[in-house]
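Just upload.cif here, mmCIF, C-alpha atoms and all ligand atoms:
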data_target
#
loop_
_atom_site.group_PDB
_atom_site.id
_atom_site.type_symbol
_atom_site.label_atom_id
_atom_site.label_comp_id
_atom_site.auth_asym_id
_atom_site.auth_seq_id
_atom_site.Cartn_x
_atom_site.Cartn_y
_atom_site.Cartn_z
ATOM 1 C CA MET A 1 38.124 23.222 -37.259
ATOM 2 C CA LYS A 2 35.161 24.978 -38.909
ATOM 3 C CA ARG A 3 35.144 24.646 -42.705
ATOM 4 C CA PRO A 4 33.718 27.183 -45.222
ATOM 5 C CA ILE A 5 30.391 26.025 -46.698
ATOM 6 C CA LEU A 6 30.127 26.206 -50.509
ATOM 7 C CA ILE A 7 27.241 28.329 -51.823
ATOM 8 C CA HIS A 8 25.071 27.312 -54.844
ATOM 9 C CA PRO A 9 25.728 27.572 -57.777
ATOM 10 C CA ASP A 10 29.004 25.636 -57.502
ATOM 11 C CA PRO A 11 29.982 22.697 -59.752
ATOM 12 C CA ARG A 12 31.140 20.707 -56.703
ATOM 13 C CA LEU A 13 27.549 20.710 -55.401
ATOM 14 C CA LYS A 14 26.329 19.052 -58.611
ATOM 15 C CA LYS A 15 28.857 16.205 -58.819
ATOM 16 C CA ALA A 16 28.286 12.640 -57.601
ATOM 17 C CA CYS A 17 30.734 11.884 -54.775
ATOM 18 C CA ASP A 18 33.192 8.973 -54.546
ATOM 19 C CA PRO A 19 32.572 6.062 -52.164
ATOM 20 C CA VAL A 20 34.872 5.851 -49.136
ATOM 21 C CA ALA A 21 37.104 2.797 -49.697
ATOM 22 C CA ASP A 22 38.839 2.752 -46.321
ATOM 23 C CA LEU A 23 38.373 4.833 -43.193
ATOM 24 C CA SER A 24 41.394 7.040 -42.495
ATOM 25 C CA ASP A 25 42.389 9.504 -39.792
ATOM 26 C CA GLU A 26 41.928 12.260 -42.370
ATOM 27 C CA LEU A 27 38.301 11.191 -43.021
ATOM 28 C CA ARG A 28 37.648 10.861 -39.271
ATOM 29 C CA ALA A 29 39.044 14.400 -38.782
ATOM 30 C CA LEU A 30 36.893 15.679 -41.677
ATOM 31 C CA ALA A 31 33.781 14.160 -40.026
ATOM 32 C CA GLU A 32 34.626 15.934 -36.752
ATOM 33 C CA ASP A 33 35.163 19.241 -38.615
ATOM 34 C CA MET A 34 31.831 18.755 -40.428
ATOM 35 C CA LEU A 35 29.988 18.238 -37.098
ATOM 36 C CA GLU A 36 31.627 21.406 -35.700
ATOM 37 C CA THR A 37 30.702 23.320 -38.879
ATOM 38 C CA MET A 38 27.109 21.980 -38.775
ATOM 39 C CA TYR A 39 26.531 22.941 -35.106
ATOM 40 C CA ASP A 40 28.021 26.386 -35.740
ATOM 41 C CA ALA A 41 25.843 27.100 -38.812
ATOM 42 C CA PRO A 42 23.497 26.037 -37.083
ATOM 43 C CA GLY A 43 22.154 23.103 -38.986
ATOM 44 C CA ILE A 44 20.909 19.576 -38.424
ATOM 45 C CA GLY A 45 22.786 17.959 -41.309
ATOM 46 C CA LEU A 46 25.831 18.510 -43.545
ATOM 47 C CA ALA A 47 27.300 16.573 -46.510
ATOM 48 C CA ALA A 48 31.024 16.463 -47.418
ATOM 49 C CA PRO A 49 30.593 18.136 -50.852
ATOM 50 C CA GLN A 50 29.151 21.171 -49.035
ATOM 51 C CA VAL A 51 32.631 21.752 -47.570
ATOM 52 C CA GLY A 52 34.348 20.851 -50.845
ATOM 53 C CA TYR A 53 35.191 17.161 -50.225
ATOM 54 C CA MET A 54 33.798 14.804 -52.893
ATOM 55 C CA ASN A 55 33.542 11.808 -50.506
ATOM 56 C CA ARG A 56 30.346 9.927 -49.631
ATOM 57 C CA LEU A 57 30.189 11.180 -46.031
ATOM 58 C CA ILE A 58 27.343 12.932 -44.174
ATOM 59 C CA VAL A 59 26.835 14.063 -40.579
ATOM 60 C CA MET A 60 23.494 14.687 -38.823
ATOM 61 C CA ASP A 61 22.031 15.672 -35.489
ATOM 62 C CA CYS A 62 18.287 16.244 -35.664
ATOM 63 C CA ALA A 63 17.815 15.416 -31.972
ATOM 64 C CA LYS A 64 18.074 19.052 -30.845
ATOM 65 C CA ASP A 65 14.926 19.761 -32.811
ATOM 66 C CA ASP A 66 12.961 17.596 -30.385
ATOM 67 C CA GLY A 67 14.725 19.049 -27.357
ATOM 68 C CA GLU A 68 16.495 15.690 -26.770
ATOM 69 C CA PRO A 69 20.228 15.660 -25.871
ATOM 70 C CA ALA A 70 22.491 16.120 -28.895
ATOM 71 C CA ARG A 71 22.866 12.911 -30.941
ATOM 72 C CA PRO A 72 25.641 13.420 -33.525
ATOM 73 C CA MET A 73 25.741 10.775 -36.295
ATOM 74 C CA VAL A 74 28.522 10.138 -38.870
ATOM 75 C CA LEU A 75 27.553 8.043 -41.924
ATOM 76 C CA PHE A 76 30.100 6.881 -44.571
ATOM 77 C CA ASN A 77 28.682 5.478 -47.855
ATOM 78 C CA PRO A 78 25.054 5.871 -46.684
ATOM 79 C CA GLU A 79 22.517 3.982 -48.833
ATOM 80 C CA ILE A 80 18.725 4.071 -48.765
ATOM 81 C CA VAL A 81 17.762 0.405 -48.995
ATOM 82 C CA ALA A 82 13.963 0.894 -48.573
ATOM 83 C CA ALA A 83 11.505 3.793 -48.484
ATOM 84 C CA SER A 84 7.890 4.035 -47.279
ATOM 85 C CA ASP A 85 5.073 4.638 -49.764
ATOM 86 C CA GLU A 86 3.748 7.187 -47.270
ATOM 87 C CA LYS A 87 5.070 10.684 -47.986
ATOM 88 C CA ASN A 88 5.840 13.739 -45.850
ATOM 89 C CA VAL A 89 6.018 17.397 -46.908
ATOM 90 C CA TYR A 90 8.650 19.504 -45.137
ATOM 91 C CA GLU A 91 9.650 23.145 -45.769
ATOM 92 C CA GLU A 92 13.332 22.513 -46.487
ATOM 93 C CA GLY A 93 16.313 24.846 -46.432
ATOM 94 C CA CYS A 94 19.978 24.217 -47.228
ATOM 95 C CA LEU A 95 23.188 25.605 -45.755
ATOM 96 C CA SER A 96 24.478 25.948 -49.335
ATOM 97 C CA ILE A 97 21.377 27.928 -50.390
ATOM 98 C CA PRO A 98 21.037 30.341 -47.445
ATOM 99 C CA ASP A 99 17.664 31.822 -46.444
ATOM 100 C CA GLN A 100 15.689 30.056 -49.220
ATOM 101 C CA PHE A 101 12.911 27.637 -48.199
ATOM 102 C CA ALA A 102 10.424 25.516 -50.140
ATOM 103 C CA ASP A 103 8.128 22.535 -49.571
ATOM 104 C CA VAL A 104 9.653 19.190 -50.604
ATOM 105 C CA THR A 105 7.734 15.890 -50.553
ATOM 106 C CA ARG A 106 9.724 12.777 -49.599
ATOM 107 C CA PRO A 107 9.037 9.265 -48.216
ATOM 108 C CA SER A 108 8.204 9.691 -44.510
ATOM 109 C CA ALA A 109 10.423 6.733 -43.436
ATOM 110 C CA VAL A 110 13.589 5.243 -44.973
ATOM 111 C CA ASP A 111 15.811 2.266 -44.113
ATOM 112 C CA VAL A 112 19.473 3.342 -44.384
ATOM 113 C CA ARG A 113 22.676 1.264 -44.304
ATOM 114 C CA TRP A 114 26.119 2.855 -43.779
ATOM 115 C CA LEU A 115 29.717 2.365 -42.618
ATOM 116 C CA GLY A 116 30.189 3.905 -39.169
ATOM 117 C CA LEU A 117 33.185 5.625 -37.541
ATOM 118 C CA ASP A 118 33.771 2.257 -35.807
ATOM 119 C CA GLY A 119 34.384 0.623 -39.194
ATOM 120 C CA GLU A 120 31.222 -1.491 -38.769
ATOM 121 C CA GLU A 121 28.188 -1.720 -41.089
ATOM 122 C CA HIS A 122 25.101 -0.139 -39.517
ATOM 123 C CA ALA A 123 21.401 -0.167 -40.527
ATOM 124 C CA GLN A 124 18.504 1.864 -39.128
ATOM 125 C CA THR A 125 15.021 3.081 -40.022
ATOM 126 C CA PHE A 126 14.730 6.890 -39.929
ATOM 127 C CA ASP A 127 11.390 8.694 -39.678
ATOM 128 C CA GLY A 128 10.213 12.244 -38.928
ATOM 129 C CA LEU A 129 12.758 15.033 -39.362
ATOM 130 C CA TRP A 130 15.593 12.457 -39.337
ATOM 131 C CA ALA A 131 14.103 10.847 -42.479
ATOM 132 C CA THR A 132 13.832 14.209 -44.281
ATOM 133 C CA CYS A 133 17.381 15.134 -43.249
ATOM 134 C CA VAL A 134 19.076 11.852 -44.230
ATOM 135 C CA GLN A 135 17.407 11.976 -47.666
ATOM 136 C CA HIS A 136 18.420 15.643 -48.096
ATOM 137 C CA GLU A 137 22.030 14.761 -47.201
ATOM 138 C CA ILE A 138 22.238 11.649 -49.413
ATOM 139 C CA ASP A 139 20.892 13.795 -52.276
ATOM 140 C CA HIS A 140 23.926 16.071 -51.742
ATOM 141 C CA LEU A 141 26.217 13.028 -52.300
ATOM 142 C CA ASN A 142 24.490 12.527 -55.672
ATOM 143 C CA GLY A 143 24.831 16.187 -56.679
ATOM 144 C CA LYS A 144 21.102 16.839 -56.056
ATOM 145 C CA LEU A 145 19.809 19.936 -54.219
ATOM 146 C CA PHE A 146 16.323 20.457 -52.732
ATOM 147 C CA ILE A 147 15.684 23.127 -55.401
ATOM 148 C CA ASP A 148 15.912 20.362 -58.030
ATOM 149 C CA TYR A 149 12.468 19.234 -56.780
ATOM 150 C CA LEU A 150 10.963 22.667 -57.561
ATOM 151 C CA GLY A 151 9.591 23.988 -60.840
ATOM 152 C CA PRO A 152 12.101 25.589 -63.252
ATOM 153 C CA MET A 153 10.910 29.157 -62.545
ATOM 154 C CA LYS A 154 11.248 28.922 -58.736
ATOM 155 C CA ARG A 155 14.598 27.106 -59.074
ATOM 156 C CA GLN A 156 15.903 29.782 -61.474
ATOM 157 C CA MET A 157 14.707 32.594 -59.164
ATOM 158 C CA ILE A 158 16.560 31.048 -56.192
ATOM 159 C CA THR A 159 19.694 30.461 -58.292
ATOM 160 C CA ARG A 160 19.675 34.098 -59.438
ATOM 161 C CA ARG A 161 19.366 35.249 -55.805
ATOM 162 C CA MET A 162 22.396 33.111 -54.875
ATOM 163 C CA GLN A 163 24.427 34.463 -57.808
ATOM 164 C CA LYS A 164 23.633 38.016 -56.580
ATOM 165 C CA LEU A 165 24.604 37.039 -53.001
ATOM 166 C CA LYS A 166 27.927 35.596 -54.220
ATOM 167 C CA ARG A 167 28.679 38.772 -56.230
ATOM 168 C CA GLU A 168 28.010 40.866 -53.100
ATOM 169 C CA LEU A 169 30.157 38.559 -50.928
ATOM 170 C CA ALA A 170 32.964 38.723 -53.511
ATOM 171 C CA ARG A 171 32.898 42.517 -53.317
ATOM 172 C CA GLY A 172 33.447 42.154 -49.565
HETATM 173 O O1 LIG B 201 22.337 19.834 -45.846
HETATM 174 C C1 LIG B 201 22.124 20.970 -45.423
HETATM 175 O O2 LIG B 201 22.216 21.981 -46.124
HETATM 176 C C2 LIG B 201 21.657 21.149 -43.967
HETATM 177 C C3 LIG B 201 20.160 21.187 -44.029
HETATM 178 C C4 LIG B 201 19.621 19.859 -43.631
HETATM 179 C C5 LIG B 201 18.127 19.801 -43.728
HETATM 180 C C6 LIG B 201 17.420 20.530 -44.665
HETATM 181 C C7 LIG B 201 16.036 20.421 -44.719
HETATM 182 C C8 LIG B 201 15.360 19.609 -43.825
HETATM 183 C C9 LIG B 201 16.080 18.891 -42.897
HETATM 184 C C10 LIG B 201 17.456 18.990 -42.851
HETATM 185 C C11 LIG B 201 19.586 22.337 -43.202
HETATM 186 O O3 LIG B 201 20.020 23.577 -43.660
HETATM 187 S S1 LIG B 201 19.981 22.314 -41.527
HETATM 188 C C12 LIG B 201 19.008 23.715 -41.056
HETATM 189 C C13 LIG B 201 17.695 23.260 -40.519
HETATM 190 C C14 LIG B 201 17.511 23.350 -39.167
HETATM 191 C C15 LIG B 201 16.345 22.884 -38.603
HETATM 192 C C16 LIG B 201 15.342 22.316 -39.402
HETATM 193 C C17 LIG B 201 15.532 22.231 -40.775
HETATM 194 C C18 LIG B 201 16.714 22.714 -41.354
HETATM 195 ZN ZN ZN B 202 21.568 21.029 -48.070
#
Write the structure described by the file as structure tokens, please.
Ligand code: K2U
Ligand code: ZN
Amino acid sequence: MKRPILIHPDPRLKKACDPVADLSDELRALAEDMLETMYDAPGIGLAAPQVGYMNRLIVMDCAKDDGEPARPMVLFNPEIVAASDEKNVYEEGCLSIPDQFADVTRPSAVDVRWLGLDGEEHAQTFDGLWATCVQHEIDHLNGKLFIDYLGPMKRQMITRRMQKLKRELARG
């Protein structure tokens, strides 16, 4: 089922997440719920801490951006094992920091290794929007948000806007 997405500032979005020791039916169900939540948002990526679970688990589907058929991916314990020297700038957003966008520079290609839903180790090179997304999601697992790449003034302005949004949401 769809899960509520935590909004910044929230201490759970700043904590490093715990590695997944063994796959379980609960973690497989969480991954399915995260994909449903991501598609509904809509988004092209989602990390477990964004729905309040401090596990190293991310889901992605950037295919729709290129008009290809949907290509949902579930990555447990994802690790960047190599990154290109070449960089890419992308105007990033975040489902936990709604309606705020800023340019972030990241390596344009990364080699990632992870444990798949099938219990097997996988490895793949991501480039384009997939590379930006997988780095954005792995940052979430380390308690890092895209606003952490901005200057202190812009970061503070966005944080203040989110605090105002949360006060308004709390008032209902
Ligand atoms: O992790 C998240 O909050 C979902 C992010 C993933 C993402 C952010 C920036 C760049 C690539 C991926 C987004 O909110 S998903 C929304 C979105 C949709 C299309 C293109 C970029 C971002
Ligand atoms: Zn995000």
One-decimal distance in Å that lies between CA of Pro9 (chain A) and CA of Asp99 (chain A):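 We find that CA of Asp99 (chain A) and CA of Pro9 (chain A) lie 14.5 Å from each other.
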Determine, using only C-alpha atoms and all ligand atoms, which residues of chain A have any atom at most 7 Å from an atom of ligand ZN 202 (chain B), and tabulate each with its shortest atom pair and distance in Å to one decimal place, rows ordered by chain and then rising number, as a tab-separated table.
residue	atom	partner	partner_atom	distance
A:Leu46	CA	B:ZN202	ZN	6.7
A:Gly93	CA	B:ZN202	ZN	6.7
A:Cys94	CA	B:ZN202	ZN	3.7
A:Leu95	CA	B:ZN202	ZN	5.4
A:Ser96	CA	B:ZN202	ZN	5.9
A:His136	CA	B:ZN202	ZN	6.2
A:Glu137	CA	B:ZN202	ZN	6.3
A:His140	CA	B:ZN202	ZN	6.6
A:Leu145	CA	B:ZN202	ZN	6.5
Dump as a short mmCIF file (atom, residue, chain, number, x, y, z; two decimals), in the frame of the given file, selection limited to C-alpha atoms:
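File produced: part.cif:
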data_model
loop_
_atom_site.label_atom_id
_atom_site.label_comp_id
_atom_site.auth_asym_id
_atom_site.auth_seq_id
_atom_site.Cartn_x
_atom_site.Cartn_y
_atom_site.Cartn_z
CA LEU A 46 25.83 18.51 -43.54
CA GLY A 93 16.31 24.85 -46.43
CA CYS A 94 19.98 24.22 -47.23
CA LEU A 95 23.19 25.60 -45.76
CA SER A 96 24.48 25.95 -49.34
CA HIS A 136 18.42 15.64 -48.10
CA GLU A 137 22.03 14.76 -47.20
CA HIS A 140 23.93 16.07 -51.74
CA LEU A 145 19.81 19.94 -54.22
#
Interatomic distance (Å, one decimal) between CA of Pro11 (chain A) and atom C16 of ligand LIG 201 (chain B):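 Taking CA of Pro11 (chain A) and atom C16 of ligand LIG 201 (chain B), their separation equals 25.1 Å.
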Using all atoms listed in the file: which of A:Asn77, A:Ile138, A:Ile97, A:Gln156 has the shortest distance to Ala123 (chain A):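 Of the candidates, the smallest distance to Ala123 (chain A) is held by A:Asn77.
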Spatial neighbours of Glu79 (chain A), max dist 12 Å, all atoms listed in the file, sep filter under 4 positions, as number ranges by chain: A: 19, 56-58, 75, 83, 110-115, 121-125, 134-135, 137-139, 141-142
Residue contacts of Asp61 (chain A) (8 Å, only C-alpha atoms) excluding same-chain residues fewer than 4 positions away, as a PyMOL selection string: chain A and resi 44-45+70-73
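Straight-line separation from CA of Met34 (chain A) to CA of Lys87 (chain A): 29.0 Å.
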The PyMOL selection byres (((chain A and resi 31-33) around 8) and not hetatm) applied to the shown file, residues as a PyMOL selection string: chain A and resi 1-3+27-30+34-37+57-59+74
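With distances taken over only C-alpha atoms and all ligand atoms, A:Cys133 is the one residue among A:Met60, A:Val89, A:Leu169, A:Cys133 lying closest to ligand LIG 201 (chain B).
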Distance query Leu150 (chain A) at most 8 Å, only C-alpha atoms, self and fewer than 3 positions along chain excluded, as number ranges by chain: A: 102, 104, 146-147, 154-155
Provide an axis-aligned box for all listed atoms of region 138-149 of chain A, padding each side by 8 Å; report its centre and its edge lengths in Å to one decimal, as AutoDock Vina command-line options.
--center_x 19.3 --center_y 17.4 --center_z -53.7 --size_x 29.7 --size_y 27.5 --size_z 24.6
